[in-house]
Amino acid sequence: FSNLDQFVLIAEDKIELLDNVQVSSGDLASNQEIRIRQNNIINGNLFTNQIRIDATSTINGNASFNQLEIDLTSKILGSTTTPVSLPIVNRSQITAIQPAEQKIIITQDQTINPGNFDEIQVQPNITLTLNPGTYNINKLELLNNSKLLFSASTTINIQKELVIKEKILISQTINIPSTDFQINVQEDKDIQIGKDSLLSLKLLAPNSQVELGQ
């Protein structure tokens, strides 16, 4: 694929969707495996080496694969294509960055400008608004019920760690694409996104395992 805009999730190794997940739109691609648990609804296409689908799940799209395991109670409503050549997508790389030593703890609703930081931490129930531009930091931490807002093309380059707790909102303030906000994570730390969160962003973390909460 010369353009990856059609995809909502891309993995070097594996995508696993647990029970009762719905993908509203966008395709999924993994170079090795896509595992879909029970009671899933996927409104998009699947591209991978191996697809495994558990009971009572529905794929409202096409599936391209080399191997398929699907429960009798599940269905792929689009067409199926096999075999496929690998890799599906090429591994992305992130340019090294130089964060600064300044640490910011956001304790009240605030707007900040682009720049270099050591760490940005947003306290619970607090809203941080980002002015458009590029932010280079070592660590971004969003605590429970915090909000991160953007209004134009914005990029956060993270050297070390991204922490997203529960009930987090990352969203645009005006009618622009969610992909106008991109977070790039360089190091190989696992990324866990807490339950009941709504994230409008493009996340690039080629060295990490990403786990989405409920």
# chains A, B, ... in the order shown; residues from 1 in each chain; ligands from 1
>>> residues_around(residues="Leu86 in chain A", least_positions_apart="2", cutoff="7 Å", atoms="only C-alpha atoms", output="MDAnalysis selection string")
chainID A and resid 31 84 88
>>> select_by_dssp(residues="range 35-90 of chain A", states="strand (DSSP E or B)", output="PyMOL selection string")
chain A and resi 35-36+41-42+46-47+50-53+58-59+63-64+67-70+75-76+80-81
>>> residues_around(residues="range 43-53 of chain A", least_positions_apart="4", cutoff="10 Å", atoms="only C-alpha atoms", output="VMD selection string")
chain A and resid 6 to 8 10 to 11 13 to 17 22 to 39 57 to 76 78 to 89
>>> atom_distance(atom1="CA of Lys139 in chain A", atom2="CA of Arg91 in chain A")
23.0 Å
>>> closest_atom_pairs(of="range 8-124 of chain A", to="range 178-195 of chain A", cutoff="9 Å", atoms="only C-alpha atoms", output="tab-separated table")
residue	atom	partner	partner_atom	distance
A:Gln93	CA	A:Gln186	CA	8.3
A:Ile94	CA	A:Gln186	CA	6.1
A:Thr95	CA	A:Gln186	CA	8.0
A:Ala96	CA	A:Gln186	CA	7.5
A:Ile97	CA	A:Gln186	CA	8.9
>>> write_last_selection(atoms="N, CA, C and O atoms", output="mmCIF file, in the first residue's frame")
data_model
loop_
_atom_site.group_PDB
_atom_site.id
_atom_site.type_symbol
_atom_site.label_atom_id
_atom_site.label_comp_id
_atom_site.auth_asym_id
_atom_site.auth_seq_id
_atom_site.Cartn_x
_atom_site.Cartn_y
_atom_site.Cartn_z
ATOM 1 N N GLN A 93 9.531 3.979 10.681
ATOM 2 C CA GLN A 93 10.644 4.447 11.506
ATOM 3 C C GLN A 93 10.357 5.873 11.972
ATOM 4 O O GLN A 93 9.702 6.645 11.277
ATOM 5 N N ILE A 94 10.860 6.198 13.161
ATOM 6 C CA ILE A 94 10.666 7.523 13.733
ATOM 7 C C ILE A 94 12.015 8.181 13.929
ATOM 8 O O ILE A 94 12.944 7.581 14.473
ATOM 9 N N THR A 95 12.132 9.414 13.487
ATOM 10 C CA THR A 95 13.383 10.160 13.606
ATOM 11 C C THR A 95 13.673 10.491 15.067
ATOM 12 O O THR A 95 12.764 10.847 15.823
ATOM 13 N N ALA A 96 14.933 10.357 15.484
ATOM 14 C CA ALA A 96 15.318 10.688 16.857
ATOM 15 C C ALA A 96 15.058 12.161 17.141
ATOM 16 O O ALA A 96 15.185 13.016 16.264
ATOM 17 N N ILE A 97 14.680 12.463 18.384
ATOM 18 C CA ILE A 97 14.377 13.833 18.789
ATOM 19 C C ILE A 97 15.240 14.222 19.976
ATOM 20 O O ILE A 97 15.884 13.383 20.600
#
>>> residues_around(residues="Ile168 in chain A", least_positions_apart="3", cutoff="10 Å", atoms="only C-alpha atoms", output="list in words")
Pro124, Asn125, Leu142, Leu143, Asn144, Asn145, Ser146, Lys147, Leu148, Ile164, Lys165, Ser171, Ile193, Gly194, Lys195, Asp196, Ser197, Leu198 and Leu199 of chain A
>>> write_last_selection(atoms="N, CA and C atoms", output="JSON list (two decimals), in the first residue's frame")
[["chain", "number", "residue", "atom", "x", "y", "z"],
["A", 124, "PRO", "N", -5.89, 14.85, 36.90],
["A", 124, "PRO", "CA", -7.28, 14.42, 36.70],
["A", 124, "PRO", "C", -8.25, 15.59, 36.57],
["A", 125, "ASN", "N", -9.22, 15.43, 35.65],
["A", 125, "ASN", "CA", -10.30, 16.40, 35.44],
["A", 125, "ASN", "C", -9.81, 17.75, 34.92],
["A", 142, "LEU", "N", -1.43, 11.35, 30.73],
["A", 142, "LEU", "CA", -2.79, 11.87, 30.88],
["A", 142, "LEU", "C", -3.48, 11.06, 31.96],
["A", 143, "LEU", "N", -3.78, 11.72, 33.10],
["A", 143, "LEU", "CA", -4.39, 11.04, 34.22],
["A", 143, "LEU", "C", -5.91, 10.99, 34.06],
["A", 144, "ASN", "N", -6.59, 10.24, 34.92],
["A", 144, "ASN", "CA", -8.01, 9.93, 34.76],
["A", 144, "ASN", "C", -8.86, 11.17, 34.53],
["A", 145, "ASN", "N", -9.78, 11.07, 33.55],
["A", 145, "ASN", "CA", -10.76, 12.11, 33.24],
["A", 145, "ASN", "C", -10.15, 13.41, 32.71],
["A", 146, "SER", "N", -8.91, 13.35, 32.25],
["A", 146, "SER", "CA", -8.29, 14.55, 31.67],
["A", 146, "SER", "C", -8.61, 14.64, 30.19],
["A", 147, "LYS", "N", -8.40, 15.85, 29.63],
["A", 147, "LYS", "CA", -8.70, 16.10, 28.23],
["A", 147, "LYS", "C", -7.49, 16.74, 27.55],
["A", 148, "LEU", "N", -7.26, 16.33, 26.29],
["A", 148, "LEU", "CA", -6.21, 16.91, 25.46],
["A", 148, "LEU", "C", -6.86, 17.35, 24.15],
["A", 164, "ILE", "N", -1.72, 6.80, 29.08],
["A", 164, "ILE", "CA", -3.10, 7.26, 28.92],
["A", 164, "ILE", "C", -3.96, 6.46, 29.89],
["A", 165, "LYS", "N", -4.44, 7.11, 30.94],
["A", 165, "LYS", "CA", -5.23, 6.44, 31.96],
["A", 165, "LYS", "C", -6.68, 6.26, 31.50],
["A", 171, "SER", "N", -9.34, 15.13, 21.50],
["A", 171, "SER", "CA", -10.30, 15.49, 20.47],
["A", 171, "SER", "C", -9.95, 16.84, 19.86],
["A", 193, "ILE", "N", -3.86, 1.96, 26.99],
["A", 193, "ILE", "CA", -4.86, 3.03, 26.95],
["A", 193, "ILE", "C", -6.03, 2.59, 27.80],
["A", 194, "GLY", "N", -6.35, 3.38, 28.83],
["A", 194, "GLY", "CA", -7.35, 3.00, 29.81],
["A", 194, "GLY", "C", -8.76, 2.92, 29.23],
["A", 195, "LYS", "N", -9.65, 2.26, 29.97],
["A", 195, "LYS", "CA", -11.01, 2.01, 29.51],
["A", 195, "LYS", "C", -11.82, 3.30, 29.44],
["A", 196, "ASP", "N", -12.89, 3.25, 28.65],
["A", 196, "ASP", "CA", -13.85, 4.36, 28.52],
["A", 196, "ASP", "C", -13.19, 5.64, 28.02],
["A", 197, "SER", "N", -12.24, 5.51, 27.12],
["A", 197, "SER", "CA", -11.55, 6.67, 26.55],
["A", 197, "SER", "C", -11.98, 6.88, 25.10],
["A", 198, "LEU", "N", -11.94, 8.15, 24.67],
["A", 198, "LEU", "CA", -12.26, 8.51, 23.29],
["A", 198, "LEU", "C", -11.06, 9.26, 22.72],
["A", 199, "LEU", "N", -10.43, 8.67, 21.71],
["A", 199, "LEU", "CA", -9.18, 9.22, 21.18],
["A", 199, "LEU", "C", -9.33, 9.53, 19.70]]
>>> atom_distance(atom1="CA of Ile104 in chain A", atom2="CA of Glu141 in chain A")
10.5 Å
>>> residues_around(residues="range 126-134 of chain A", least_positions_apart="3", cutoff="9 Å", atoms="only C-alpha atoms", output="list in words")
Ile106, Thr107, Gln108, Asp109, Gln110, Thr111, Ile112, Asn113, Pro114, Gly115, Asn116, Val122, Gln123, Leu143, Asn145, Ser146, Lys147, Leu148, Leu149, Phe150, Ser151, Ala152, Ser153, Thr154, Thr155, Ile156 and Asn157 of chain A
>>> write_last_selection(atoms="C-alpha atoms", output="PDB file, in the first residue's frame")
ATOM      1  CA  ILE A 106      -0.950  20.856  34.302  1.00  0.00           C
ATOM      2  CA  THR A 107      -3.112  21.487  37.403  1.00  0.00           C
ATOM      3  CA  GLN A 108      -5.690  23.836  35.864  1.00  0.00           C
ATOM      4  CA  ASP A 109      -7.209  24.238  32.408  1.00  0.00           C
ATOM      5  CA  GLN A 110      -4.430  25.625  30.247  1.00  0.00           C
ATOM      6  CA  THR A 111      -3.183  26.233  26.697  1.00  0.00           C
ATOM      7  CA  ILE A 112       0.496  25.728  25.819  1.00  0.00           C
ATOM      8  CA  ASN A 113       2.668  26.439  22.784  1.00  0.00           C
ATOM      9  CA  PRO A 114       4.875  23.988  20.838  1.00  0.00           C
ATOM     10  CA  GLY A 115       8.380  23.352  22.101  1.00  0.00           C
ATOM     11  CA  ASN A 116      10.760  20.893  23.748  1.00  0.00           C
ATOM     12  CA  VAL A 122      -2.148  16.461  32.875  1.00  0.00           C
ATOM     13  CA  GLN A 123      -3.822  16.051  36.265  1.00  0.00           C
ATOM     14  CA  LEU A 143      -4.394  11.037  34.221  1.00  0.00           C
ATOM     15  CA  ASN A 145     -10.761  12.115  33.238  1.00  0.00           C
ATOM     16  CA  SER A 146      -8.294  14.551  31.674  1.00  0.00           C
ATOM     17  CA  LYS A 147      -8.698  16.102  28.230  1.00  0.00           C
ATOM     18  CA  LEU A 148      -6.210  16.906  25.457  1.00  0.00           C
ATOM     19  CA  LEU A 149      -7.552  19.233  22.747  1.00  0.00           C
ATOM     20  CA  PHE A 150      -6.223  20.449  19.381  1.00  0.00           C
ATOM     21  CA  SER A 151      -7.535  22.759  16.656  1.00  0.00           C
ATOM     22  CA  ALA A 152      -5.102  22.315  13.729  1.00  0.00           C
ATOM     23  CA  SER A 153      -2.210  20.139  12.563  1.00  0.00           C
ATOM     24  CA  THR A 154      -0.256  19.111  15.690  1.00  0.00           C
ATOM     25  CA  THR A 155       2.466  16.499  16.311  1.00  0.00           C
ATOM     26  CA  ILE A 156       3.830  15.139  19.589  1.00  0.00           C
ATOM     27  CA  ASN A 157       7.139  13.263  19.330  1.00  0.00           C
TER      28      ASN A 157
END
>>> atom_distance(atom1="CA of Asn207 in chain A", atom2="CA of Glu12 in chain A")
9.0 Å
>>> residues_around(residues="Ser92 in chain A", least_positions_apart="4", cutoff="9 Å", atoms="only C-alpha atoms", output="tab-separated table (two decimals) with C-alpha atoms, in the first residue's frame")
chain	number	residue	atom	x	y	z
A	204	LEU	CA	2.64	5.72	15.37
A	205	ALA	CA	4.50	3.38	17.75
A	206	PRO	CA	6.48	0.87	15.63
>>> decode(residues="range 28-39 of chain A", atoms="N, CA and C atoms", output="PDB file, in the first residue's frame")
ATOM      1  N   LEU A  28      -8.087  -2.939   8.769  1.00  0.00           N
ATOM      2  CA  LEU A  28      -7.088  -3.465   9.692  1.00  0.00           C
ATOM      3  C   LEU A  28      -6.047  -4.235   8.896  1.00  0.00           C
ATOM      4  N   ALA A  29      -4.768  -4.048   9.255  1.00  0.00           N
ATOM      5  CA  ALA A  29      -3.688  -4.758   8.577  1.00  0.00           C
ATOM      6  C   ALA A  29      -2.648  -5.206   9.589  1.00  0.00           C
ATOM      7  N   SER A  30      -2.186  -6.435   9.447  1.00  0.00           N
ATOM      8  CA  SER A  30      -1.115  -6.967  10.282  1.00  0.00           C
ATOM      9  C   SER A  30      -0.274  -7.905   9.433  1.00  0.00           C
ATOM     10  N   ASN A  31       1.038  -7.845   9.619  1.00  0.00           N
ATOM     11  CA  ASN A  31       1.915  -8.704   8.824  1.00  0.00           C
ATOM     12  C   ASN A  31       1.839 -10.174   9.234  1.00  0.00           C
ATOM     13  N   GLN A  32       1.343 -10.452  10.459  1.00  0.00           N
ATOM     14  CA  GLN A  32       1.297 -11.834  10.917  1.00  0.00           C
ATOM     15  C   GLN A  32      -0.117 -12.316  11.220  1.00  0.00           C
ATOM     16  N   GLU A  33      -0.851 -11.629  12.121  1.00  0.00           N
ATOM     17  CA  GLU A  33      -2.133 -12.191  12.562  1.00  0.00           C
ATOM     18  C   GLU A  33      -3.111 -11.094  12.948  1.00  0.00           C
ATOM     19  N   ILE A  34      -4.394 -11.344  12.665  1.00  0.00           N
ATOM     20  CA  ILE A  34      -5.506 -10.575  13.212  1.00  0.00           C
ATOM     21  C   ILE A  34      -6.397 -11.554  13.956  1.00  0.00           C
ATOM     22  N   ARG A  35      -6.548 -11.333  15.259  1.00  0.00           N
ATOM     23  CA  ARG A  35      -7.380 -12.202  16.105  1.00  0.00           C
ATOM     24  C   ARG A  35      -8.601 -11.399  16.550  1.00  0.00           C
ATOM     25  N   ILE A  36      -9.783 -11.899  16.249  1.00  0.00           N
ATOM     26  CA  ILE A  36     -11.034 -11.231  16.584  1.00  0.00           C
ATOM     27  C   ILE A  36     -11.822 -12.141  17.508  1.00  0.00           C
ATOM     28  N   ARG A  37     -12.092 -11.655  18.720  1.00  0.00           N
ATOM     29  CA  ARG A  37     -12.797 -12.458  19.712  1.00  0.00           C
ATOM     30  C   ARG A  37     -14.309 -12.438  19.462  1.00  0.00           C
ATOM     31  N   GLN A  38     -15.110 -12.723  20.483  1.00  0.00           N
ATOM     32  CA  GLN A  38     -16.541 -12.913  20.315  1.00  0.00           C
ATOM     33  C   GLN A  38     -17.307 -11.592  20.224  1.00  0.00           C
ATOM     34  N   ASN A  39     -18.413 -11.644  19.492  1.00  0.00           N
ATOM     35  CA  ASN A  39     -19.380 -10.534  19.431  1.00  0.00           C
ATOM     36  C   ASN A  39     -18.767  -9.238  18.929  1.00  0.00           C
TER      37      ASN A  39
END
